[in-house]
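This report refers to the structure that appears directly beneath it.
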Amino acid sequence: MAIQTIPTQPFAGQRPGTSGLRKKVAVFTQPRYLENFVQALFDVLHASGSEAQALNGQTLVLGGDGRFYNRTAVQIILKLAAANGVARVLLGRSGILSTPAVSAVIRRRQAFGGIVLSASHNPGGPEGDFGIKYNAGNGGPAKETLTEAVYARTQVVRELRISDAPDIDLDRLGLQQLEHMQVDVIDPVTDYAAVMRELFDFELLRGMFQRGFRVRVDAMNAVGGPYARAILESELGAPTGTVVHAEPLEDFGGLHPDPNPVNAEDLINHMQGLDAPDFGAAMDGDADRNMVLGRHFVVTPSDSLALMTAHARLIPGYQGGLLGVARSMPTSAAVDRVARALDLPCFETPTGWKFFGNLLDAGCVSLCGEESYGTGSSHVREKDGLWAILFWLNLQGATGKSVETLVREHWRVHGRNYYTRHDYEGIAVDAANALMTDVRAELPALPGRRFGSRQVVLADDFSYTDPVDGSVSGQQGIRLMFDDGARVIFRLSGTGTEGATLRLYLERYEADVAQQDQPVQQALAELAALAEQVAGIRGRTGMTGPTVAT
């Protein structure tokens with residue numbers, strides 16, 4: 001075995017997006033593509049004056065969602081780590097760790113940081129997507145300053161330091177040696193399950209299952225399956241088969257592992273049947289997102305965050321109350337109303353979980369959420385799908401109320417925020433950028449303008465100043481806010497791998513209980529027409545409607 005120094009050439013376009021670097025598998029499998037990015041990351045972590053200390057002698061956590069190319073990528077990263085001075089790697093068995101589990105392991109084991117191999121909710125398989133991101137010592141996604149430094153390094157990297165050692169056995173628990181580096185292959189569930197026991201009333205949950213409470217959790221053939229099986233079925237006593245599509249597959253069994261009513265159609269159908277379970281939920285590719293359902297009833301992510309905030313004291317881990325809450329800017333303002341009622345600080349951040357990290361570390365907030373089916377808390381520094389499922393189960397056990405009853409009671413108290421997201425996927429990048437540029441140019445003329453009964457009171461391109469470190473993030477989405485509290489938001493997604501995805505968010509508030517049961521798209525049709533009038537989406541994209549409306 002020897003450490004090799006291999007010449008390389010930079011690749012264009014290795015700038016991390018909202019959640020790391022994501023590309024098609026065919027891009028990642030180009031010779032030296034992954035190696036270049038990881039070497040650039042290690043170079044930045046080594047560099048004096050960087051946000052991190054030198055990497056030499058440190059412990060890293062490594063794992064991914066098990067999608068195609070995961071096992072190969074793990075072996076490559078291990079050999080790069082050994083050649084770049086890492087002393088120890090905590091590796092999930094078979095190369096698997098859910099994204100929230102990576103955060104839990106980093107925090108519980110006090111590791112230097114971690115590398116997550118995932119493209120989250122994006123499709124898998126040889127024709128699908130792959131991704132990589134770095135999580136810092138707090139367990140959360142790296143800050144923009146670090147990811148930008150890595151990108152800059154990818155543009156000048158000229159050599160790789162890598163071991164020529166044989167591959168290690170990814171499936172054998174325990175210590176192995178690679179050069180001078182120890183590789184500790186760990187059970188991927190152990191640390192995560194320990195965190196869950198600290199937060200939730202497992203005795204209460206066991207009692208629910210013993211009394212016949214029925215649950216269906218769809219893991220979508222992704223990494224959440226082993227976690228849900230271990231905790232729900234093995235530890236809490238839910239019947240075998242409670243977790244479906246539980247085996248992680250490299251192509252997710254052909255499923256699109258995005259937990260929304262469109263892609264989790266099988267779960268939706270089961271929850272609408274005559275013999276529907278009491279509770280249903282789904283997780284995404286790396287188990288950090290969730291969708292929650294009752295019988296014949298789907299909970300929006302925004303309502304989920306608001307309701308969790310309202311009832312947090314019923315959960316053992318939050319009995320002392322919340323420090324505050326945070327939501328991403330495009331997420332519905334439903335949680336804002338709860339925060340005001342409870343006199344809690346409420347923060348509005350750009351999209352991307354990394355923006356919650358400073359608030360969590362500084363003790364400003366306890367719960368966070370975003371509209372794209374992500375909720376989480378201070379227990380880790382990532383959103384967490386199974387945590388959300390356990391929260392909802394614990395809440396039902398503590399109140400004796402169904403999902404639908406809890407949500408409808410919430411609407412009666414706080415009002416309903418009708419909310420939807422329309423995705424226009426795979427559109428030409430130039431057309432998407434031109435649309436956003438043109439709408440930005442119109443913003444100064446929009447305040448005071450009337451659209452039917454509504455008047456624009458604010459039109460801006462959202463900019464965020466971090467209240468902890470003062471950093472500024474601009475151009476985070478175009479907002480149109482109206483005198484009745486309605487909102488229209490335009491934003492380009494940072495998680496796609498082909499073309500551009502334009503996201504349109506529509507929201508209006510309804511306090512009248514008699515008007516709180518309309519179909520969502522019908523309730524927001526007027527705002528959708530207004531957005532079309534402002535941006536001309538159909539004409540610019542050539543699409544007659546959104547690819548997905550959730």
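By convention in this document, the chains of the structure tokens carry letters A, B, ... by their order, each chain's residues are numbered from 1, and ligands are numbered from 1 in the order they are shown.
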
What lies within 7 Å of segment 13-28 of chain A using only C-alpha atoms, ignoring chain neighbours under 2 positions off, as a PDB file with C-alpha atoms, in the first residue's frame?
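This is the output file selection-v8.pdb:
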ATOM      1  CA  PHE A  11     -14.070  20.133 -13.986  1.00  0.00           C
ATOM      2  CA  GLN A  30     -16.438  10.362 -14.992  1.00  0.00           C
ATOM      3  CA  TYR A  33     -14.879  13.805 -11.011  1.00  0.00           C
ATOM      4  CA  LEU A  34     -15.713  12.677  -7.468  1.00  0.00           C
ATOM      5  CA  ALA A 119     -29.292  13.311  -3.740  1.00  0.00           C
ATOM      6  CA  PRO A 126     -27.731   4.304 -13.224  1.00  0.00           C
ATOM      7  CA  GLU A 127     -29.784   6.940 -15.075  1.00  0.00           C
ATOM      8  CA  GLY A 128     -30.628   8.837 -11.906  1.00  0.00           C
ATOM      9  CA  ASP A 129     -28.896  11.349  -9.661  1.00  0.00           C
ATOM     10  CA  PHE A 130     -26.074  11.295  -7.144  1.00  0.00           C
ATOM     11  CA  GLY A 131     -24.913  13.833  -4.606  1.00  0.00           C
ATOM     12  CA  ILE A 132     -22.348  14.688  -1.956  1.00  0.00           C
ATOM     13  CA  LYS A 133     -22.222  17.290   0.795  1.00  0.00           C
ATOM     14  CA  THR A 147     -18.902  25.517   0.147  1.00  0.00           C
ATOM     15  CA  TYR A 151     -15.985  25.373  -5.323  1.00  0.00           C
ATOM     16  CA  THR A 154     -12.288  22.674  -7.580  1.00  0.00           C
ATOM     17  CA  GLY A 352     -31.701  25.322   2.807  1.00  0.00           C
ATOM     18  CA  GLY A 494     -31.169  24.532  -6.139  1.00  0.00           C
ATOM     19  CA  THR A 495     -31.645  20.759  -5.964  1.00  0.00           C
ATOM     20  CA  THR A 497     -29.741  18.147 -11.943  1.00  0.00           C
TER      21      THR A 497
END

Shell of 7 Å around Gly174 of chain A, only C-alpha atoms, local chain residues under 3 positions omitted, as a PyMOL selection string: chain A and resi 184-186

Neighbours of Ala535 of chain A within 7 Å (only C-alpha atoms; same-chain residues fewer than 4 positions away dropped), as a PyMOL selection string? chain A and resi 435+439+531

Go ahead and dump the residues you just picked, C-alpha atoms, as a short mmCIF file (atom, residue, chain, number, x, y, z; two decimals), in the first residue's frame.
data_model
loop_
_atom_site.label_atom_id
_atom_site.label_comp_id
_atom_site.auth_asym_id
_atom_site.auth_seq_id
_atom_site.Cartn_x
_atom_site.Cartn_y
_atom_site.Cartn_z
CA LEU A 435 -38.12 35.10 -16.28
CA VAL A 439 -39.87 39.93 -12.76
CA ALA A 531 -48.90 34.93 -10.77
#

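Using only C-alpha atoms, the nearest neighbour of Arg161 of chain A within the list A:Gly64, A:Pro7, A:Gly125, A:Pro261 is A:Pro7.
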
Could you pull out all residues of segment 220-459 of chain A with a DSSP call of strand (DSSP E or B) and give them as a PyMOL selection string? chain A and resi 243-244+279-283+290-294+297-299+325-328+346-349+367-370+374-377+416-427+450-451+454-459

DSSP helix (DSSP H, G or I) residues within segment 262-428 of chain A, listed as a PyMOL selection string: chain A and resi 265-271+301-314+316-318+334-342+354-361+385-399+403-414

What's the 8 Å shell around Val468 of chain A, counting only C-alpha atoms, without same-chain residues fewer than 2 positions away, as a list in words? Asn358, Leu359, Ala362, Asp466 and Gly470 of chain A

Distance query segment 242-258 of chain A at most 7 Å, only C-alpha atoms, self and fewer than 6 positions along chain excluded, as an MDAnalysis selection string: chainID A and resid 66:68 121:125 215:223 225:226 228:229 284:285

Can I get the selection written as a tab-separated table (two decimals), in the first residue's frame, with N, CA and C atoms?
chain	number	residue	atom	x	y	z
A	66	GLY	N	-27.56	4.88	0.03
A	66	GLY	CA	-27.56	3.57	-0.60
A	66	GLY	C	-27.91	3.57	-2.07
A	67	ARG	N	-28.06	4.74	-2.67
A	67	ARG	CA	-28.41	4.80	-4.09
A	67	ARG	C	-27.24	4.30	-4.94
A	68	PHE	N	-27.51	4.11	-6.22
A	68	PHE	CA	-26.51	3.63	-7.17
A	68	PHE	C	-25.25	4.50	-7.11
A	121	HIS	N	-34.26	13.51	-2.33
A	121	HIS	CA	-35.53	13.08	-2.92
A	121	HIS	C	-35.44	12.88	-4.44
A	122	ASN	N	-34.26	13.05	-5.02
A	122	ASN	CA	-34.10	12.87	-6.46
A	122	ASN	C	-34.07	11.39	-6.82
A	123	PRO	N	-34.49	11.02	-8.03
A	123	PRO	CA	-34.50	9.61	-8.44
A	123	PRO	C	-33.09	9.01	-8.43
A	124	GLY	N	-33.03	7.67	-8.26
A	124	GLY	CA	-31.76	6.96	-8.23
A	124	GLY	C	-31.61	6.02	-9.41
A	125	GLY	N	-30.59	5.15	-9.32
A	125	GLY	CA	-30.31	4.21	-10.40
A	125	GLY	C	-29.25	4.73	-11.35
A	215	VAL	N	-50.51	1.66	11.81
A	215	VAL	CA	-49.67	2.64	11.13
A	215	VAL	C	-49.16	2.03	9.83
A	216	ARG	N	-49.02	2.86	8.81
A	216	ARG	CA	-48.35	2.47	7.57
A	216	ARG	C	-47.30	3.53	7.26
A	217	VAL	N	-46.04	3.12	7.26
A	217	VAL	CA	-44.93	4.01	6.94
A	217	VAL	C	-44.29	3.52	5.65
A	218	ASP	N	-44.26	4.36	4.65
A	218	ASP	CA	-43.67	4.02	3.35
A	218	ASP	C	-42.26	4.59	3.29
A	219	ALA	N	-41.27	3.70	3.31
A	219	ALA	CA	-39.87	4.13	3.24
A	219	ALA	C	-39.39	4.30	1.81
A	220	MET	N	-40.23	4.00	0.83
A	220	MET	CA	-39.97	4.25	-0.58
A	220	MET	C	-38.68	3.59	-1.07
A	221	ASN	N	-38.40	2.38	-0.54
A	221	ASN	CA	-37.19	1.62	-0.92
A	221	ASN	C	-35.92	2.43	-0.72
A	222	ALA	N	-35.92	3.24	0.33
A	222	ALA	CA	-34.80	4.15	0.57
A	222	ALA	C	-34.22	3.90	1.96
A	223	VAL	N	-33.33	4.76	2.37
A	223	VAL	CA	-32.51	4.49	3.55
A	223	VAL	C	-33.30	4.51	4.86
A	225	GLY	N	-35.90	2.92	5.63
A	225	GLY	CA	-36.50	1.63	5.95
A	225	GLY	C	-35.88	0.93	7.15
A	226	PRO	N	-34.55	0.73	7.18
A	226	PRO	CA	-33.94	0.07	8.33
A	226	PRO	C	-34.16	0.81	9.65
A	228	ALA	N	-36.80	2.83	10.42
A	228	ALA	CA	-38.20	2.69	10.81
A	228	ALA	C	-38.51	1.28	11.29
A	229	ARG	N	-37.94	0.28	10.63
A	229	ARG	CA	-38.15	-1.10	11.08
A	229	ARG	C	-37.58	-1.31	12.48
A	284	ASP	N	-38.25	10.22	2.46
A	284	ASP	CA	-37.61	10.36	1.15
A	284	ASP	C	-36.33	9.51	1.08
A	285	GLY	N	-35.51	9.78	0.05
A	285	GLY	CA	-34.34	8.96	-0.22
A	285	GLY	C	-33.37	8.86	0.93

Pick from A:Leu530, A:Ile315, A:Glu144, A:Leu45, whichever lies nearest to Phe112 of chain A using only C-alpha atoms: A:Leu45

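Residues lying within 12 Å of Glu526 of chain A, counting only C-alpha atoms and ignoring same-chain neighbours fewer than 3 positions away, are Phe451, Gly452, Ser453, Arg454, Ala486, Arg487, Val488, Leu506, Glu507, Arg508, Val520, Gln521, Gln522, Ala523, Ala529, Leu530, Ala531, Glu532 and Gln533 of chain A.
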
Residue contacts of segment 303-308 of chain A (7 Å, only C-alpha atoms) excluding same-chain residues fewer than 2 positions away, as a VMD selection string: chain A and resid 299 to 301 310 to 312 334 to 335 338 369 375 410

The selected residues should be written to file as a tab-separated table (two decimals), in the first residue's frame (atoms: N, CA and C atoms).
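Below is the file again-v9.tsv, written as the result:
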chain	number	residue	atom	x	y	z
A	299	VAL	N	-51.69	16.09	5.60
A	299	VAL	CA	-51.21	17.26	6.33
A	299	VAL	C	-50.14	17.96	5.50
A	300	THR	N	-50.27	19.25	5.30
A	300	THR	CA	-49.22	19.99	4.59
A	300	THR	C	-48.02	20.18	5.51
A	301	PRO	N	-46.81	20.27	4.94
A	301	PRO	CA	-45.63	20.49	5.80
A	301	PRO	C	-45.74	21.76	6.64
A	310	ALA	N	-47.41	24.33	18.28
A	310	ALA	CA	-48.52	24.57	19.21
A	310	ALA	C	-48.58	23.53	20.32
A	311	HIS	N	-48.17	22.27	20.04
A	311	HIS	CA	-48.33	21.18	20.99
A	311	HIS	C	-47.01	20.62	21.52
A	312	ALA	N	-45.92	21.31	21.32
A	312	ALA	CA	-44.61	20.74	21.64
A	312	ALA	C	-44.48	20.31	23.09
A	334	ALA	N	-48.12	29.89	8.53
A	334	ALA	CA	-48.98	29.32	9.57
A	334	ALA	C	-48.28	29.28	10.92
A	335	VAL	N	-46.98	28.92	10.92
A	335	VAL	CA	-46.26	28.84	12.19
A	335	VAL	C	-46.07	30.22	12.81
A	338	VAL	N	-48.87	30.86	15.26
A	338	VAL	CA	-48.72	30.13	16.51
A	338	VAL	C	-47.64	30.78	17.37
A	369	GLY	N	-38.60	24.30	10.08
A	369	GLY	CA	-39.32	23.59	9.03
A	369	GLY	C	-39.28	24.33	7.71
A	375	THR	N	-39.08	18.86	8.39
A	375	THR	CA	-39.19	19.43	9.73
A	375	THR	C	-38.09	18.82	10.59
A	410	HIS	N	-56.80	22.85	15.16
A	410	HIS	CA	-55.77	23.88	14.98
A	410	HIS	C	-56.28	25.00	14.08

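Using only C-alpha atoms, the smallest distance between any of A:Ile3, A:Ala287, A:Leu492, A:Val189 and Val429 of chain A comes from A:Leu492.
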
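Shortest atom-to-atom contact with Ile106 of chain A among A:Leu390, A:Ala87, A:Leu406, A:Val380: A:Val380, counting only C-alpha atoms.
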
Pick out the closest residue to Gln396 of chain A from this set: A:Leu274, A:Ala142, A:Val156, A:Leu314. Count only C-alpha atoms. A:Leu314
